[in-house]
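Engineer: Provided herewith: entry_30.cif, mmCIF, C-alpha atoms.
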```cif
data_my_file
loop_
_atom_site.group_PDB
_atom_site.id
_atom_site.type_symbol
_atom_site.label_atom_id
_atom_site.label_comp_id
_atom_site.auth_asym_id
_atom_site.auth_seq_id
_atom_site.Cartn_x
_atom_site.Cartn_y
_atom_site.Cartn_z
ATOM 1 C CA MET A 1 0.000 0.000 0.000
ATOM 2 C CA LYS A 2 2.816 2.430 0.896
ATOM 3 C CA LYS A 3 4.515 1.692 -2.435
ATOM 4 C CA LEU A 4 1.303 2.472 -4.303
ATOM 5 C CA ILE A 5 0.887 5.795 -2.493
ATOM 6 C CA ALA A 6 4.546 6.686 -3.095
ATOM 7 C CA LEU A 7 4.226 5.797 -6.786
ATOM 8 C CA THR A 8 1.037 7.843 -7.126
ATOM 9 C CA LEU A 9 2.659 10.873 -5.472
ATOM 10 C CA PHE A 10 5.743 10.529 -7.683
ATOM 11 C CA ILE A 11 3.669 10.394 -10.893
ATOM 12 C CA TYR A 12 1.503 13.309 -9.784
ATOM 13 C CA SER A 13 4.488 15.468 -8.867
ATOM 14 C CA SER A 14 6.251 14.630 -12.139
ATOM 15 C CA CYS A 15 3.220 15.716 -14.153
ATOM 16 C CA GLN A 16 2.657 18.819 -12.073
ATOM 17 C CA TYR A 17 6.114 20.288 -12.689
ATOM 18 C CA LYS A 18 6.267 19.804 -16.436
ATOM 19 C CA SER A 19 6.024 23.267 -17.866
ATOM 20 C CA PRO A 20 4.601 24.079 -21.261
ATOM 21 C CA THR A 21 7.294 25.059 -23.682
ATOM 22 C CA GLU A 22 7.510 26.773 -26.997
ATOM 23 C CA ILE A 23 10.447 26.038 -29.262
ATOM 24 C CA HIS A 24 11.613 28.141 -32.204
ATOM 25 C CA ARG A 25 14.462 27.282 -34.547
ATOM 26 C CA VAL A 26 16.514 29.894 -36.376
ATOM 27 C CA SER A 27 18.976 29.157 -39.177
ATOM 28 C CA ILE A 28 21.669 31.556 -40.309
ATOM 29 C CA ILE A 29 22.610 30.299 -43.768
ATOM 30 C CA ASN A 30 24.595 33.252 -45.105
ATOM 31 C CA ALA A 31 27.119 33.969 -42.337
ATOM 32 C CA SER A 32 28.341 37.259 -43.765
ATOM 33 C CA ASN A 33 24.942 39.016 -43.705
ATOM 34 C CA ASP A 34 23.834 40.729 -40.487
ATOM 35 C CA ARG A 35 20.147 40.353 -39.714
ATOM 36 C CA LEU A 36 17.510 41.150 -37.135
ATOM 37 C CA ILE A 37 15.752 38.107 -35.723
ATOM 38 C CA THR A 38 12.313 38.516 -34.174
ATOM 39 C CA ILE A 39 10.133 35.852 -32.607
ATOM 40 C CA LYS A 40 6.513 36.382 -31.549
ATOM 41 C CA LEU A 41 5.366 33.874 -28.930
ATOM 42 C CA LYS A 42 1.930 32.412 -28.272
ATOM 43 C CA LYS A 43 2.012 33.554 -24.640
ATOM 44 C CA MET A 44 4.259 35.194 -22.049
ATOM 45 C CA TYR A 45 6.955 32.924 -20.608
ATOM 46 C CA LYS A 46 9.098 33.255 -17.485
ATOM 47 C CA TYR A 47 12.352 31.834 -18.868
ATOM 48 C CA GLN A 48 14.247 31.433 -22.084
ATOM 49 C CA ALA A 49 17.190 29.284 -23.162
ATOM 50 C CA MET A 50 19.234 29.498 -26.337
ATOM 51 C CA ILE A 51 20.982 26.377 -27.594
ATOM 52 C CA ILE A 52 23.330 26.220 -30.571
ATOM 53 C CA LYS A 53 22.493 23.012 -32.419
ATOM 54 C CA GLU A 54 24.861 23.394 -35.363
ATOM 55 C CA ASN A 55 27.798 25.736 -35.906
ATOM 56 C CA SER A 56 30.075 25.590 -38.929
ATOM 57 C CA MET A 57 31.122 29.257 -38.777
ATOM 58 C CA ASN A 58 34.695 29.901 -39.891
ATOM 59 C CA ASP A 59 35.210 32.576 -37.201
ATOM 60 C CA THR A 60 33.476 34.391 -34.330
ATOM 61 C CA CYS A 61 29.973 35.802 -34.840
ATOM 62 C CA MET A 62 27.700 37.658 -32.426
ATOM 63 C CA ILE A 63 24.195 36.918 -31.242
ATOM 64 C CA GLY A 64 22.989 40.081 -29.587
ATOM 65 C CA LEU A 65 25.943 41.024 -27.366
ATOM 66 C CA ILE A 66 27.275 37.465 -27.008
ATOM 67 C CA LYS A 67 30.322 36.449 -29.011
ATOM 68 C CA VAL A 68 29.982 32.919 -30.367
ATOM 69 C CA PRO A 69 33.278 31.220 -31.239
ATOM 70 C CA PRO A 70 33.491 29.021 -34.330
ATOM 71 C CA ARG A 71 32.205 25.453 -33.889
ATOM 72 C CA LYS A 72 30.735 26.193 -30.410
ATOM 73 C CA LYS A 73 27.641 24.075 -29.745
ATOM 74 C CA GLY A 74 25.366 23.525 -26.789
ATOM 75 C CA LYS A 75 23.644 25.832 -24.345
ATOM 76 C CA LEU A 76 24.556 29.461 -24.941
ATOM 77 C CA TYR A 77 22.486 30.822 -22.061
ATOM 78 C CA ARG A 78 19.399 30.364 -19.886
ATOM 79 C CA THR A 79 17.770 33.368 -18.270
ATOM 80 C CA GLU A 80 14.625 34.921 -16.864
ATOM 81 C CA PHE A 81 12.525 36.272 -19.683
ATOM 82 C CA LEU A 82 9.010 37.574 -18.783
ATOM 83 C CA ASN A 83 7.900 38.551 -22.270
ATOM 84 C CA ASN A 84 5.870 37.342 -25.248
ATOM 85 C CA SER A 85 8.358 38.258 -27.973
ATOM 86 C CA ILE A 86 12.084 38.532 -28.535
ATOM 87 C CA ALA A 87 14.250 40.459 -30.970
ATOM 88 C CA TYR A 88 18.026 40.417 -31.317
ATOM 89 C CA LYS A 89 20.613 41.041 -33.968
ATOM 90 C CA TYR A 90 22.877 38.466 -35.588
ATOM 91 C CA VAL A 91 26.166 40.162 -36.512
ATOM 92 C CA ALA A 92 28.738 38.412 -38.709
ATOM 93 C CA TYR A 93 31.549 40.100 -36.716
ATOM 94 C CA LYS A 94 34.575 38.116 -38.009
ATOM 95 C CA ALA A 95 32.695 35.235 -39.655
ATOM 96 C CA ASN A 96 32.184 35.235 -43.398
ATOM 97 C CA SER A 97 31.153 31.648 -44.132
ATOM 98 C CA GLY A 98 29.345 28.769 -42.514
ATOM 99 C CA THR A 99 25.931 28.161 -40.993
ATOM 100 C CA LEU A 100 24.474 28.528 -37.533
ATOM 101 C CA LYS A 101 21.359 26.742 -36.260
ATOM 102 C CA ILE A 102 19.876 28.018 -33.023
ATOM 103 C CA GLU A 103 17.065 26.620 -30.908
ATOM 104 C CA HIS A 104 15.131 28.976 -28.616
ATOM 105 C CA ILE A 105 13.210 27.309 -25.809
ATOM 106 C CA PHE A 106 10.663 29.334 -23.841
ATOM 107 C CA PHE A 107 9.279 27.816 -20.626
ATOM 108 C CA ASP A 108 7.747 28.549 -17.216
ATOM 109 C CA ASN A 109 9.838 26.207 -15.036
ATOM 110 C CA PHE A 110 13.600 26.891 -14.699
ATOM 111 C CA SER A 111 14.498 23.327 -15.669
ATOM 112 C CA TYR A 112 16.559 23.607 -18.872
#
```
Mind turning this structure into structure tokens?

Structural biologist:
Amino acid sequence: MKKLIALTLFIYSSCQYKSPTEIHRVSIINASNDRLITIKLKKMYKYQAMIIKENSMNDTCMIGLIKVPPRKKGKLYRTEFLNNSIAYKYVAYKANSGTLKIEHIFFDNFSY
């Protein structure tokens, strides 16, 4: 009986803390062209994470104010967000060839 109660509480708590997320993918195909990236969300979220999925840049580029070295992949940042849209500038900086694929994850639970 105790195992059943513990299992029920575990399943309930696992479901309760899953936050809805919204994921947007951005691809920079022409590395040498600066561009403004804007994303309009379906709702307001508390947090945002940016993950670099693919990076074949030949040199450093900039996403907003963050310098991204060539070939860097993985989590770039995770932060509080509290908004329903985002806009930032991609700047070629020193890069002039390659591609960059970015995944934006918006969520309400600071779990990423």

Engineer: Could you list, as JSON, numbers by chain, every residue matched by the PyMOL selection byres ((chain A and resi 105) around 12) in this structure?

Structural biologist: {"A": [19, 20, 21, 22, 23, 24, 25, 26, 39, 41, 45, 46, 47, 48, 49, 50, 51, 52, 75, 76, 77, 78, 79, 80, 81, 86, 102, 103, 104, 106, 107, 108, 109, 110, 111, 112]}

Engineer: What does the structure give for the distance between atom CA of Lys42 of chain A and atom CA of Gly74 of chain A, in Å to one decimal?

Structural biologist: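 Taking atom CA of Lys42 of chain A as the start and atom CA of Gly74 of chain A as the end point, the length is 25.1 Å.
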
Engineer: Using all atoms listed in the file, can you tell me which of A:Lys94, A:Lys73, A:Lys43, A:Lys89 comes closest to Thr60 of chain A?

Structural biologist: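 Smallest separation from Thr60 of chain A among the options: A:Lys94.
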
Engineer: In Å, rounded to a single decimal, give me how far atom CA of Ile37 of chain A is from atom CA of Asn96 of chain A.

Structural biologist: 18.4 Å

Engineer: Can you work out which one of A:Ile28, A:Met57, A:Leu100, A:Met44 has the shortest atom-to-atom distance to Ser85 of chain A, counting all atoms listed in the file?

Structural biologist: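 Looking only at the distances to Ser85 of chain A, the closest residue turns out to be A:Met44.
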
Engineer: Mind pulling up the distance from atom CA of Glu54 of chain A to atom CA of Asp34 of chain A?

Structural biologist: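 We find that atom CA of Asp34 of chain A and atom CA of Glu54 of chain A lie 18.1 Å from each other.
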
Engineer: For Pro70 of chain A, which residue out of A:Tyr88, A:Ser27, A:Lys40, A:Ser97 is the nearest one, using all atoms listed in the file?

Structural biologist: A:Ser97
